[in-house]
Number of protein chains: 2
Amino acid sequence: MAGPKWLDPEEMKAWRLYITTSVDLMKALEDDVRPFGLTMGDYQLLAMISEAPDRRLRMCDLADQLRLSRSGLTRRMDGVLSNAWVARVQDQADRRVAYAELTTKGWNLLRKVAPIHLASVRRLMIDHLTRAEVKAIGSAFEKISKALQP
Amino acid sequence: MAGPKWLDPEEMKAWRLYITTSVDLMKALEDDVRPFGLTMGDYQLLAMISEAPDRRLRMCDLADQLRLSRSGLTRRMDGVLSNAWVARVQDQADRRVAYAELTTKGWNLLRKVAPIHLASVRRLMIDHLTRAEVKAIGSAFEKISKALQP
DNA sequence: CCGGATTGGTTGCGATCACAACTATACGGA
DNA sequence: TCCGTATAGTTGTGATCGCAACCAATCCGG
């Protein structure tokens, strides 16, 4: 390991601000989607499905992409299913498989909320950053992500 | 608001990698402290107290710094109290106030775990970044943090 | 010095989510 | 074909945490 046991002041500053600010940022984004009856978890689920072919995704792929356990996804689906934003579609070929499919109602909701959510991301984060900082965050987390892949 | 409704590709890349990688990173750090019987929440609580004068902190200040609600902190204290890492000390002057005070046992644990935790932060995050990226993350989250202050 | 407002902290309750155990389906080698 | 294994998803249980309601102690205006 290259480094000493401790982080130098700049590393410590980056680490601490990243950790504490991330929590605050998430709560603020949560506040901005709540008026639509959504949690950030719901929003991310809808957004993820909306980008898949036919606006449907296998449950287990969805769980992986959302960083949820299988059971976590089952429980989260309860909410979006009962609101009829997502429909459950059983695969005919492999009957173990279920798809989560965005309904028209879900799609309409997402079209309404997405611009507002993205405006929040801008207002709370992106608009405060220089282009270089945006790029640095992109490249930094890309490397961190790759290193985490095992 | 300066921007259009959507994020441009670099902004979107930064945003998405930041969001998803942060979850993975937290889980990996969680894994690294678990062998010591700690959660990251416990660790951050101990670390926060350890830096305060006399290694004690008022409950409500601790809750604010940890981004926990009052009740959330009460519950989290249950764990560290029963492990005797932290002691509860009632303030004599203002009898509403309780302090969370690091015990010798808690201090010894923290001295053992801190280098290992910080090594994890290095290995999983800092060591993959250039100095410029570390600085950019520091300055970026500093600005985001300031903008979030109500 | 008294009564209302404020502050500090806990408790009841509900939401979220992970782990382990379970069911059901599909696959693959003998 | 058949059985062992792997894969997809759900359910029981327990941990974490926030909100609302609550109690206790302090502060403050009159």
# chains A, B, ... in the order shown; residues from 1 in each chain; ligands from 1
>>> interface_residues(of="chain D", to="chain A", cutoff="8 Å", atoms="only C-alpha atoms (C1' of nucleotides)", output="ChimeraX atom specification")
/D:8-10
>>> calpha_fit_rmsd(fixed="chain A", moving="chain B")
0.1 Å
>>> closest_atom_pairs(of="chain A", to="chain B", cutoff="9 Å", atoms="only C-alpha atoms", output="Markdown table")
| residue | atom | partner | partner_atom | distance |
| --- | --- | --- | --- | --- |
| A:Met1 | CA | B:Arg123 | CA | 7.8 |
| A:Ala2 | CA | B:Asp127 | CA | 7.9 |
| A:Gly3 | CA | B:Arg122 | CA | 7.8 |
| A:Pro4 | CA | B:Ala119 | CA | 8.5 |
| A:Lys5 | CA | B:Pro115 | CA | 5.7 |
| A:Trp6 | CA | B:Leu118 | CA | 6.4 |
| A:Leu7 | CA | B:Leu118 | CA | 7.2 |
| A:Glu10 | CA | B:Lys135 | CA | 6.7 |
| A:Glu11 | CA | B:Val134 | CA | 6.2 |
| A:Met12 | CA | B:Gly138 | CA | 8.8 |
| A:Lys13 | CA | B:Gly138 | CA | 5.9 |
| A:Ala14 | CA | B:Gly138 | CA | 3.8 |
| A:Trp15 | CA | B:Gly138 | CA | 7.4 |
| A:Arg16 | CA | B:Gly138 | CA | 8.5 |
| A:Leu17 | CA | B:Phe141 | CA | 5.7 |
| A:Tyr18 | CA | B:Phe141 | CA | 5.9 |
| A:Thr20 | CA | B:Arg67 | CA | 7.7 |
| A:Thr21 | CA | B:Ser145 | CA | 5.5 |
| A:Ser22 | CA | B:Phe141 | CA | 8.3 |
| A:Val23 | CA | B:Arg67 | CA | 7.3 |
| A:Asp24 | CA | B:Leu148 | CA | 7.4 |
| A:Leu25 | CA | B:Leu148 | CA | 7.4 |
| A:Ala28 | CA | B:Leu148 | CA | 8.0 |
| A:Gln65 | CA | B:Thr20 | CA | 8.3 |
| A:Leu66 | CA | B:Thr20 | CA | 7.9 |
| A:Arg67 | CA | B:Val23 | CA | 7.3 |
| A:Ala114 | CA | B:Trp6 | CA | 8.9 |
| A:Pro115 | CA | B:Lys5 | CA | 5.7 |
| A:Ile116 | CA | B:Lys5 | CA | 8.1 |
| A:Leu118 | CA | B:Trp6 | CA | 6.4 |
| A:Ala119 | CA | B:Lys5 | CA | 6.5 |
| A:Val121 | CA | B:Trp15 | CA | 8.3 |
| A:Arg122 | CA | B:Gly3 | CA | 7.7 |
| A:Arg123 | CA | B:Met1 | CA | 7.7 |
| A:Leu124 | CA | B:Ile144 | CA | 6.6 |
| A:Met125 | CA | B:Ile144 | CA | 5.6 |
| A:Ile126 | CA | B:Glu11 | CA | 7.2 |
| A:Asp127 | CA | B:Ala2 | CA | 7.9 |
| A:His128 | CA | B:Lys143 | CA | 6.4 |
| A:Leu129 | CA | B:Ala140 | CA | 6.0 |
| A:Thr130 | CA | B:Ala140 | CA | 8.2 |
| A:Arg131 | CA | B:Glu11 | CA | 8.6 |
| A:Ala132 | CA | B:Ala136 | CA | 7.8 |
| A:Glu133 | CA | B:Ala136 | CA | 5.3 |
| A:Val134 | CA | B:Ala14 | CA | 6.1 |
| A:Lys135 | CA | B:Glu10 | CA | 6.6 |
| A:Ala136 | CA | B:Glu133 | CA | 5.3 |
| A:Ile137 | CA | B:Ala14 | CA | 5.6 |
| A:Gly138 | CA | B:Ala14 | CA | 3.8 |
| A:Ser139 | CA | B:Ala14 | CA | 7.6 |
| A:Ala140 | CA | B:Leu129 | CA | 6.0 |
| A:Phe141 | CA | B:Leu17 | CA | 5.7 |
| A:Glu142 | CA | B:Leu17 | CA | 6.3 |
| A:Lys143 | CA | B:His128 | CA | 6.4 |
| A:Ile144 | CA | B:Met125 | CA | 5.6 |
| A:Ser145 | CA | B:Thr21 | CA | 5.5 |
| A:Ala147 | CA | B:Leu124 | CA | 7.0 |
| A:Leu148 | CA | B:Leu124 | CA | 7.0 |
>>> closest_atom_pairs(of="chain C", to="chain A", cutoff="10 Å", atoms="only C-alpha atoms (C1' of nucleotides)", output="Markdown table")
| residue | atom | partner | partner_atom | distance |
| --- | --- | --- | --- | --- |
| C:DT16 | C1' | A:Gly72 | CA | 8.2 |
| C:DC17 | C1' | A:Gly72 | CA | 5.4 |
| C:DA18 | C1' | A:Ser69 | CA | 6.9 |
| C:DC19 | C1' | A:Ser71 | CA | 9.4 |
| C:DA24 | C1' | A:Arg96 | CA | 7.1 |
| C:DT25 | C1' | A:Arg96 | CA | 5.4 |
| C:DA26 | C1' | A:Asp94 | CA | 7.5 |
>>> select_by_dssp(residues="stretch 23-145 of chain A", states="strand (DSSP E)", output="number ranges by chain")
A: 56-58, 86-90, 98-102
>>> write_last_selection(atoms="all heavy atoms", output="mmCIF file, in the first residue's frame")
data_model
loop_
_atom_site.group_PDB
_atom_site.id
_atom_site.type_symbol
_atom_site.label_atom_id
_atom_site.label_comp_id
_atom_site.auth_asym_id
_atom_site.auth_seq_id
_atom_site.Cartn_x
_atom_site.Cartn_y
_atom_site.Cartn_z
ATOM 1 N N ARG A 56 -39.175 -2.679 -19.945
ATOM 2 C CA ARG A 56 -39.332 -3.763 -18.980
ATOM 3 C C ARG A 56 -37.962 -4.332 -18.636
ATOM 4 O O ARG A 56 -37.025 -4.244 -19.427
ATOM 5 C CB ARG A 56 -40.225 -4.860 -19.547
ATOM 6 C CG ARG A 56 -39.673 -5.499 -20.794
ATOM 7 C CD ARG A 56 -40.310 -6.849 -21.043
ATOM 8 N NE ARG A 56 -41.760 -6.757 -21.211
ATOM 9 C CZ ARG A 56 -42.511 -7.813 -21.533
ATOM 10 N NH1 ARG A 56 -41.943 -8.994 -21.723
ATOM 11 N NH2 ARG A 56 -43.805 -7.675 -21.675
ATOM 12 N N LEU A 57 -37.871 -4.891 -17.446
ATOM 13 C CA LEU A 57 -36.582 -5.402 -16.965
ATOM 14 C C LEU A 57 -36.862 -6.606 -16.080
ATOM 15 O O LEU A 57 -37.846 -6.621 -15.337
ATOM 16 C CB LEU A 57 -35.892 -4.298 -16.159
ATOM 17 C CG LEU A 57 -34.400 -4.053 -16.294
ATOM 18 C CD1 LEU A 57 -33.928 -4.095 -17.730
ATOM 19 C CD2 LEU A 57 -34.047 -2.709 -15.675
ATOM 20 N N ARG A 58 -35.977 -7.594 -16.185
ATOM 21 C CA ARG A 58 -36.093 -8.751 -15.287
ATOM 22 C C ARG A 58 -35.884 -8.289 -13.853
ATOM 23 O O ARG A 58 -35.026 -7.438 -13.590
ATOM 24 C CB ARG A 58 -35.022 -9.793 -15.626
ATOM 25 C CG ARG A 58 -35.282 -10.541 -16.897
ATOM 26 C CD ARG A 58 -34.022 -11.256 -17.325
ATOM 27 N NE ARG A 58 -33.526 -12.112 -16.272
ATOM 28 C CZ ARG A 58 -33.268 -13.408 -16.413
ATOM 29 N NH1 ARG A 58 -33.475 -13.998 -17.583
ATOM 30 N NH2 ARG A 58 -32.793 -14.119 -15.415
ATOM 31 N N VAL A 86 -46.085 0.271 -12.279
ATOM 32 C CA VAL A 86 -45.333 -0.843 -12.850
ATOM 33 C C VAL A 86 -46.240 -2.061 -12.820
ATOM 34 O O VAL A 86 -47.031 -2.223 -11.890
ATOM 35 C CB VAL A 86 -44.056 -1.125 -12.023
ATOM 36 C CG1 VAL A 86 -43.367 -2.387 -12.495
ATOM 37 C CG2 VAL A 86 -43.099 0.059 -12.084
ATOM 38 N N ALA A 87 -46.149 -2.877 -13.868
ATOM 39 C CA ALA A 87 -46.898 -4.127 -13.898
ATOM 40 C C ALA A 87 -45.924 -5.293 -13.839
ATOM 41 O O ALA A 87 -44.781 -5.184 -14.290
ATOM 42 C CB ALA A 87 -47.732 -4.215 -15.173
ATOM 43 N N ARG A 88 -46.394 -6.363 -13.274
ATOM 44 C CA ARG A 88 -45.585 -7.566 -13.178
ATOM 45 C C ARG A 88 -45.982 -8.471 -14.330
ATOM 46 O O ARG A 88 -47.169 -8.774 -14.517
ATOM 47 C CB ARG A 88 -45.894 -8.231 -11.847
ATOM 48 C CG ARG A 88 -45.105 -9.444 -11.562
ATOM 49 C CD ARG A 88 -45.676 -10.151 -10.338
ATOM 50 N NE ARG A 88 -45.001 -11.400 -10.163
ATOM 51 C CZ ARG A 88 -43.803 -11.503 -9.601
ATOM 52 N NH1 ARG A 88 -43.202 -10.429 -9.145
ATOM 53 N NH2 ARG A 88 -43.215 -12.674 -9.511
ATOM 54 N N VAL A 89 -44.993 -8.893 -15.132
ATOM 55 C CA VAL A 89 -45.277 -9.725 -16.293
ATOM 56 C C VAL A 89 -44.447 -10.996 -16.185
ATOM 57 O O VAL A 89 -43.218 -10.936 -16.088
ATOM 58 C CB VAL A 89 -44.914 -8.988 -17.605
ATOM 59 C CG1 VAL A 89 -45.181 -9.885 -18.800
ATOM 60 C CG2 VAL A 89 -45.680 -7.678 -17.709
ATOM 61 N N GLN A 90 -45.146 -12.123 -16.200
ATOM 62 C CA GLN A 90 -44.451 -13.401 -16.072
ATOM 63 C C GLN A 90 -43.886 -13.802 -17.434
ATOM 64 O O GLN A 90 -44.561 -13.671 -18.456
ATOM 65 C CB GLN A 90 -45.452 -14.453 -15.570
ATOM 66 C CG GLN A 90 -44.828 -15.594 -14.798
ATOM 67 C CD GLN A 90 -44.340 -15.162 -13.412
ATOM 68 O OE1 GLN A 90 -44.903 -14.258 -12.812
ATOM 69 N NE2 GLN A 90 -43.287 -15.805 -12.929
ATOM 70 N N ALA A 98 -39.789 -13.067 -13.793
ATOM 71 C CA ALA A 98 -40.827 -12.036 -13.860
ATOM 72 C C ALA A 98 -40.182 -10.748 -14.356
ATOM 73 O O ALA A 98 -39.029 -10.455 -14.032
ATOM 74 C CB ALA A 98 -41.457 -11.825 -12.491
ATOM 75 N N TYR A 99 -40.932 -10.021 -15.147
ATOM 76 C CA TYR A 99 -40.476 -8.712 -15.602
ATOM 77 C C TYR A 99 -41.229 -7.629 -14.863
ATOM 78 O O TYR A 99 -42.407 -7.793 -14.535
ATOM 79 C CB TYR A 99 -40.721 -8.537 -17.104
ATOM 80 C CG TYR A 99 -39.867 -9.426 -17.964
ATOM 81 C CD1 TYR A 99 -40.304 -10.689 -18.350
ATOM 82 C CD2 TYR A 99 -38.611 -9.003 -18.396
ATOM 83 C CE1 TYR A 99 -39.516 -11.517 -19.134
ATOM 84 C CE2 TYR A 99 -37.822 -9.815 -19.185
ATOM 85 C CZ TYR A 99 -38.286 -11.078 -19.540
ATOM 86 O OH TYR A 99 -37.497 -11.883 -20.314
ATOM 87 N N ALA A 100 -40.537 -6.548 -14.614
ATOM 88 C CA ALA A 100 -41.187 -5.335 -14.132
ATOM 89 C C ALA A 100 -41.353 -4.437 -15.350
ATOM 90 O O ALA A 100 -40.362 -4.086 -16.001
ATOM 91 C CB ALA A 100 -40.346 -4.657 -13.068
ATOM 92 N N GLU A 101 -42.580 -4.102 -15.676
ATOM 93 C CA GLU A 101 -42.850 -3.330 -16.891
ATOM 94 C C GLU A 101 -43.538 -2.030 -16.533
ATOM 95 O O GLU A 101 -44.533 -2.014 -15.812
ATOM 96 C CB GLU A 101 -43.733 -4.155 -17.841
ATOM 97 C CG GLU A 101 -43.977 -3.467 -19.164
ATOM 98 C CD GLU A 101 -44.746 -4.349 -20.130
ATOM 99 O OE1 GLU A 101 -44.265 -5.461 -20.437
ATOM 100 O OE2 GLU A 101 -45.844 -3.939 -20.555
ATOM 101 N N LEU A 102 -42.995 -0.949 -17.053
ATOM 102 C CA LEU A 102 -43.569 0.364 -16.791
ATOM 103 C C LEU A 102 -44.943 0.454 -17.452
ATOM 104 O O LEU A 102 -45.101 0.131 -18.622
ATOM 105 C CB LEU A 102 -42.632 1.430 -17.372
ATOM 106 C CG LEU A 102 -42.676 2.836 -16.775
ATOM 107 C CD1 LEU A 102 -42.363 2.808 -15.296
ATOM 108 C CD2 LEU A 102 -41.695 3.744 -17.511
#
>>> residues_around(residues="D:DG4", least_positions_apart="3", cutoff="12 Å", atoms="only C-alpha atoms (C1' of nucleotides)", output="PyMOL selection string")
chain C and resi 27-30
>>> write_last_selection(atoms="all heavy atoms", output="PDB file, in the first residue's frame")
ATOM      1  P    DC C  27     -33.493 -23.924 -19.440  1.00  0.00           P
ATOM      2  OP1  DC C  27     -33.068 -22.735 -20.219  1.00  0.00           O
ATOM      3  OP2  DC C  27     -34.387 -24.939 -20.027  1.00  0.00           O
ATOM      4  O5'  DC C  27     -32.178 -24.648 -18.884  1.00  0.00           O
ATOM      5  C5'  DC C  27     -31.284 -23.918 -18.059  1.00  0.00           C
ATOM      6  C4'  DC C  27     -30.218 -24.857 -17.530  1.00  0.00           C
ATOM      7  O4'  DC C  27     -30.795 -25.711 -16.520  1.00  0.00           O
ATOM      8  C3'  DC C  27     -29.606 -25.785 -18.591  1.00  0.00           C
ATOM      9  O3'  DC C  27     -28.197 -25.710 -18.473  1.00  0.00           O
ATOM     10  C2'  DC C  27     -30.152 -27.162 -18.205  1.00  0.00           C
ATOM     11  C1'  DC C  27     -30.311 -27.024 -16.696  1.00  0.00           C
ATOM     12  N1   DC C  27     -31.293 -27.932 -16.060  1.00  0.00           N
ATOM     13  C2   DC C  27     -30.904 -28.694 -14.952  1.00  0.00           C
ATOM     14  O2   DC C  27     -29.744 -28.605 -14.547  1.00  0.00           O
ATOM     15  N3   DC C  27     -31.820 -29.522 -14.360  1.00  0.00           N
ATOM     16  C4   DC C  27     -33.070 -29.572 -14.823  1.00  0.00           C
ATOM     17  N4   DC C  27     -33.925 -30.382 -14.196  1.00  0.00           N
ATOM     18  C5   DC C  27     -33.478 -28.801 -15.946  1.00  0.00           C
ATOM     19  C6   DC C  27     -32.576 -28.002 -16.532  1.00  0.00           C
ATOM     20  P    DG C  28     -27.251 -26.369 -19.564  1.00  0.00           P
ATOM     21  OP1  DG C  28     -26.698 -25.281 -20.379  1.00  0.00           O
ATOM     22  OP2  DG C  28     -27.964 -27.501 -20.226  1.00  0.00           O
ATOM     23  O5'  DG C  28     -26.063 -26.979 -18.673  1.00  0.00           O
ATOM     24  C5'  DG C  28     -26.335 -27.394 -17.336  1.00  0.00           C
ATOM     25  C4'  DG C  28     -25.586 -28.677 -16.996  1.00  0.00           C
ATOM     26  O4'  DG C  28     -26.516 -29.588 -16.390  1.00  0.00           O
ATOM     27  C3'  DG C  28     -25.015 -29.431 -18.201  1.00  0.00           C
ATOM     28  O3'  DG C  28     -23.936 -30.233 -17.746  1.00  0.00           O
ATOM     29  C2'  DG C  28     -26.187 -30.289 -18.621  1.00  0.00           C
ATOM     30  C1'  DG C  28     -26.745 -30.687 -17.258  1.00  0.00           C
ATOM     31  N9   DG C  28     -28.177 -30.956 -17.230  1.00  0.00           N
ATOM     32  C8   DG C  28     -29.131 -30.512 -18.119  1.00  0.00           C
ATOM     33  N7   DG C  28     -30.334 -30.922 -17.824  1.00  0.00           N
ATOM     34  C5   DG C  28     -30.165 -31.680 -16.664  1.00  0.00           C
ATOM     35  C6   DG C  28     -31.116 -32.375 -15.895  1.00  0.00           C
ATOM     36  O6   DG C  28     -32.332 -32.459 -16.051  1.00  0.00           O
ATOM     37  N1   DG C  28     -30.516 -33.012 -14.815  1.00  0.00           N
ATOM     38  C2   DG C  28     -29.159 -32.984 -14.527  1.00  0.00           C
ATOM     39  N2   DG C  28     -28.773 -33.654 -13.461  1.00  0.00           N
ATOM     40  N3   DG C  28     -28.269 -32.333 -15.254  1.00  0.00           N
ATOM     41  C4   DG C  28     -28.842 -31.705 -16.301  1.00  0.00           C
ATOM     42  P    DG C  29     -22.894 -30.827 -18.815  1.00  0.00           P
ATOM     43  OP1  DG C  29     -21.741 -29.899 -18.838  1.00  0.00           O
ATOM     44  OP2  DG C  29     -23.627 -31.141 -20.055  1.00  0.00           O
ATOM     45  O5'  DG C  29     -22.421 -32.194 -18.142  1.00  0.00           O
ATOM     46  C5'  DG C  29     -22.014 -32.219 -16.770  1.00  0.00           C
ATOM     47  C4'  DG C  29     -22.367 -33.565 -16.155  1.00  0.00           C
ATOM     48  O4'  DG C  29     -23.811 -33.713 -16.112  1.00  0.00           O
ATOM     49  C3'  DG C  29     -21.845 -34.783 -16.939  1.00  0.00           C
ATOM     50  O3'  DG C  29     -21.428 -35.781 -16.025  1.00  0.00           O
ATOM     51  C2'  DG C  29     -23.062 -35.234 -17.737  1.00  0.00           C
ATOM     52  C1'  DG C  29     -24.191 -34.915 -16.772  1.00  0.00           C
ATOM     53  N9   DG C  29     -25.495 -34.665 -17.388  1.00  0.00           N
ATOM     54  C8   DG C  29     -25.744 -33.887 -18.494  1.00  0.00           C
ATOM     55  N7   DG C  29     -27.017 -33.843 -18.805  1.00  0.00           N
ATOM     56  C5   DG C  29     -27.638 -34.639 -17.849  1.00  0.00           C
ATOM     57  C6   DG C  29     -29.006 -34.961 -17.682  1.00  0.00           C
ATOM     58  O6   DG C  29     -29.966 -34.600 -18.344  1.00  0.00           O
ATOM     59  N1   DG C  29     -29.184 -35.802 -16.568  1.00  0.00           N
ATOM     60  C2   DG C  29     -28.193 -36.265 -15.758  1.00  0.00           C
ATOM     61  N2   DG C  29     -28.561 -37.057 -14.758  1.00  0.00           N
ATOM     62  N3   DG C  29     -26.906 -35.972 -15.902  1.00  0.00           N
ATOM     63  C4   DG C  29     -26.706 -35.153 -16.970  1.00  0.00           C
ATOM     64  P    DA C  30     -20.537 -37.006 -16.508  1.00  0.00           P
ATOM     65  OP1  DA C  30     -19.341 -37.016 -15.648  1.00  0.00           O
ATOM     66  OP2  DA C  30     -20.416 -36.918 -17.986  1.00  0.00           O
ATOM     67  O5'  DA C  30     -21.416 -38.278 -16.147  1.00  0.00           O
ATOM     68  C5'  DA C  30     -21.767 -38.536 -14.785  1.00  0.00           C
ATOM     69  C4'  DA C  30     -22.859 -39.594 -14.734  1.00  0.00           C
ATOM     70  O4'  DA C  30     -24.061 -39.060 -15.340  1.00  0.00           O
ATOM     71  C3'  DA C  30     -22.523 -40.873 -15.510  1.00  0.00           C
ATOM     72  O3'  DA C  30     -22.972 -42.009 -14.767  1.00  0.00           O
ATOM     73  C2'  DA C  30     -23.314 -40.741 -16.785  1.00  0.00           C
ATOM     74  C1'  DA C  30     -24.536 -39.960 -16.322  1.00  0.00           C
ATOM     75  N9   DA C  30     -25.177 -39.161 -17.369  1.00  0.00           N
ATOM     76  C8   DA C  30     -24.566 -38.371 -18.304  1.00  0.00           C
ATOM     77  N7   DA C  30     -25.394 -37.774 -19.115  1.00  0.00           N
ATOM     78  C5   DA C  30     -26.646 -38.190 -18.690  1.00  0.00           C
ATOM     79  C6   DA C  30     -27.942 -37.907 -19.125  1.00  0.00           C
ATOM     80  N6   DA C  30     -28.208 -37.103 -20.151  1.00  0.00           N
ATOM     81  N1   DA C  30     -28.966 -38.499 -18.459  1.00  0.00           N
ATOM     82  C2   DA C  30     -28.689 -39.318 -17.433  1.00  0.00           C
ATOM     83  N3   DA C  30     -27.509 -39.656 -16.935  1.00  0.00           N
ATOM     84  C4   DA C  30     -26.522 -39.052 -17.607  1.00  0.00           C
TER      85       DA C  30
END
>>> select_by_dssp(residues="stretch 4-147 of chain B", states="helix (DSSP H, G or I)", output="MDAnalysis selection string")
chainID B and resid 9:36 40:50 53:55 59:66 70:82 104:124 126:128 131:147
>>> atom_distance(atom1="atom CA of B:Arg111", atom2="atom CA of B:Leu81")
18.0 Å
>>> atom_distance(atom1="atom CA of B:Lys112", atom2="atom CA of B:Gly37")
12.4 Å
>>> atom_distance(atom1="atom CA of B:Asp8", atom2="atom CA of A:Asp42")
23.4 Å
>>> residues_around(residues="D:DC28", least_positions_apart="6", cutoff="12 Å", atoms="only C-alpha atoms (C1' of nucleotides)", output="tab-separated table (two decimals) with all heavy atoms, in the first residue's frame")
chain	number	residue	atom	x	y	z
C	1	DC	P	-39.97	34.32	44.72
C	1	DC	OP1	-40.68	33.76	45.83
C	1	DC	OP2	-38.84	33.78	44.06
C	1	DC	O5'	-40.89	35.02	43.62
C	1	DC	C5'	-42.26	35.26	43.81
C	1	DC	C4'	-43.00	34.82	42.59
C	1	DC	O4'	-42.55	35.57	41.43
C	1	DC	C3'	-42.78	33.35	42.20
C	1	DC	O3'	-44.00	32.88	41.63
C	1	DC	C2'	-41.72	33.42	41.13
C	1	DC	C1'	-42.23	34.65	40.39
C	1	DC	N1	-41.24	35.29	39.48
C	1	DC	C2	-41.73	36.00	38.39
C	1	DC	O2	-42.95	36.09	38.23
C	1	DC	N3	-40.86	36.59	37.53
C	1	DC	C4	-39.55	36.48	37.76
C	1	DC	N4	-38.72	37.08	36.90
C	1	DC	C5	-39.03	35.77	38.87
C	1	DC	C6	-39.90	35.19	39.69
C	2	DC	P	-45.03	31.91	42.23
C	2	DC	OP1	-45.68	32.57	43.41
C	2	DC	OP2	-44.28	30.65	42.43
C	2	DC	O5'	-46.13	31.71	41.10
C	2	DC	C5'	-46.85	32.88	40.64
C	2	DC	C4'	-46.95	32.85	39.13
C	2	DC	O4'	-45.74	33.34	38.53
C	2	DC	C3'	-47.19	31.46	38.53
C	2	DC	O3'	-48.32	31.57	37.67
C	2	DC	C2'	-45.91	31.16	37.75
C	2	DC	C1'	-45.48	32.58	37.37
C	2	DC	N1	-44.04	32.77	37.05
C	2	DC	C2	-43.68	33.54	35.92
C	2	DC	O2	-44.58	34.01	35.21
C	2	DC	N3	-42.37	33.73	35.65
C	2	DC	C4	-41.43	33.21	36.45
C	2	DC	N4	-40.16	33.44	36.15
C	2	DC	C5	-41.76	32.44	37.61
C	2	DC	C6	-43.08	32.24	37.87
C	3	DG	P	-49.22	30.28	37.27
C	3	DG	OP1	-50.60	30.54	37.72
C	3	DG	OP2	-48.49	29.07	37.71
C	3	DG	O5'	-49.21	30.33	35.69
C	3	DG	C5'	-49.61	31.54	35.02
C	3	DG	C4'	-49.16	31.45	33.57
C	3	DG	O4'	-47.73	31.64	33.50
C	3	DG	C3'	-49.43	30.08	32.92
C	3	DG	O3'	-49.77	30.29	31.56
C	3	DG	C2'	-48.11	29.36	33.06
C	3	DG	C1'	-47.12	30.50	32.91
C	3	DG	N9	-45.84	30.29	33.58
C	3	DG	C8	-45.60	29.51	34.69
C	3	DG	N7	-44.35	29.53	35.07
C	3	DG	C5	-43.73	30.38	34.14
C	3	DG	C6	-42.38	30.78	34.06
C	3	DG	O6	-41.43	30.50	34.78
C	3	DG	N1	-42.19	31.66	32.97
C	3	DG	C2	-43.18	32.07	32.10
C	3	DG	N2	-42.83	32.89	31.14
C	3	DG	N3	-44.45	31.68	32.20
C	3	DG	C4	-44.64	30.85	33.23
C	4	DG	P	-50.28	29.11	30.62
C	4	DG	OP1	-51.73	29.24	30.40
C	4	DG	OP2	-49.72	27.86	31.17
C	4	DG	O5'	-49.54	29.42	29.23
C	4	DG	C5'	-49.43	30.79	28.80
C	4	DG	C4'	-48.21	30.92	27.91
C	4	DG	O4'	-47.01	30.82	28.71
C	4	DG	C3'	-48.10	29.84	26.83
C	4	DG	O3'	-47.65	30.45	25.63
C	4	DG	C2'	-47.07	28.87	27.40
C	4	DG	C1'	-46.16	29.82	28.17
C	4	DG	N9	-45.44	29.20	29.27
C	4	DG	C8	-45.97	28.37	30.25
C	4	DG	N7	-45.08	27.98	31.12
C	4	DG	C5	-43.90	28.59	30.70
C	4	DG	C6	-42.59	28.54	31.26
C	4	DG	O6	-42.21	27.93	32.25
C	4	DG	N1	-41.69	29.30	30.53
C	4	DG	C2	-41.99	30.01	29.39
C	4	DG	N2	-41.00	30.68	28.82
C	4	DG	N3	-43.21	30.07	28.86
C	4	DG	C4	-44.10	29.33	29.57
C	5	DA	P	-47.61	29.66	24.21
C	5	DA	OP1	-48.28	30.50	23.21
C	5	DA	OP2	-48.08	28.27	24.45
C	5	DA	O5'	-46.06	29.63	23.86
C	5	DA	C5'	-45.34	30.86	23.89
C	5	DA	C4'	-43.85	30.58	23.82
C	5	DA	O4'	-43.41	30.02	25.07
C	5	DA	C3'	-43.47	29.57	22.73
C	5	DA	O3'	-42.31	30.05	22.07
C	5	DA	C2'	-43.21	28.28	23.51
C	5	DA	C1'	-42.67	28.83	24.84
C	5	DA	N9	-42.89	27.95	25.99
C	5	DA	C8	-44.06	27.36	26.37
C	5	DA	N7	-43.96	26.63	27.46
C	5	DA	C5	-42.62	26.76	27.81
C	5	DA	C6	-41.87	26.25	28.88
C	5	DA	N6	-42.38	25.45	29.82
C	5	DA	N1	-40.55	26.57	28.94
C	5	DA	C2	-40.05	27.37	27.99
C	5	DA	N3	-40.65	27.93	26.94
C	5	DA	C4	-41.95	27.58	26.92
C	6	DT	P	-41.69	29.25	20.79
C	6	DT	OP1	-41.25	30.26	19.81
C	6	DT	OP2	-42.64	28.19	20.40
C	6	DT	O5'	-40.39	28.58	21.42
C	6	DT	C5'	-39.52	29.39	22.22
C	6	DT	C4'	-38.39	28.54	22.75
C	6	DT	O4'	-38.84	27.79	23.91
C	6	DT	C3'	-37.86	27.50	21.76
C	6	DT	O3'	-36.44	27.65	21.70
C	6	DT	C2'	-38.29	26.16	22.34
C	6	DT	C1'	-38.35	26.48	23.84
C	6	DT	N1	-39.27	25.64	24.64
C	6	DT	C2	-38.80	25.06	25.81
C	6	DT	O2	-37.66	25.20	26.21
C	6	DT	N3	-39.73	24.32	26.50
C	6	DT	C4	-41.05	24.10	26.15
C	6	DT	O4	-41.79	23.42	26.85
C	6	DT	C5	-41.46	24.72	24.92
C	6	DT	C7	-42.87	24.54	24.43
C	6	DT	C6	-40.56	25.46	24.23
>>> closest_residue(among="B:Val113, B:Val33, B:Leu46, B:Thr39", to="D:DA15", atoms="only C-alpha atoms (C1' of nucleotides)")
B:Thr39
>>> residues_around(residues="D:DC22", least_positions_apart="4", cutoff="12 Å", atoms="only C-alpha atoms (C1' of nucleotides)", output="PyMOL selection string")
chain C and resi 9-12
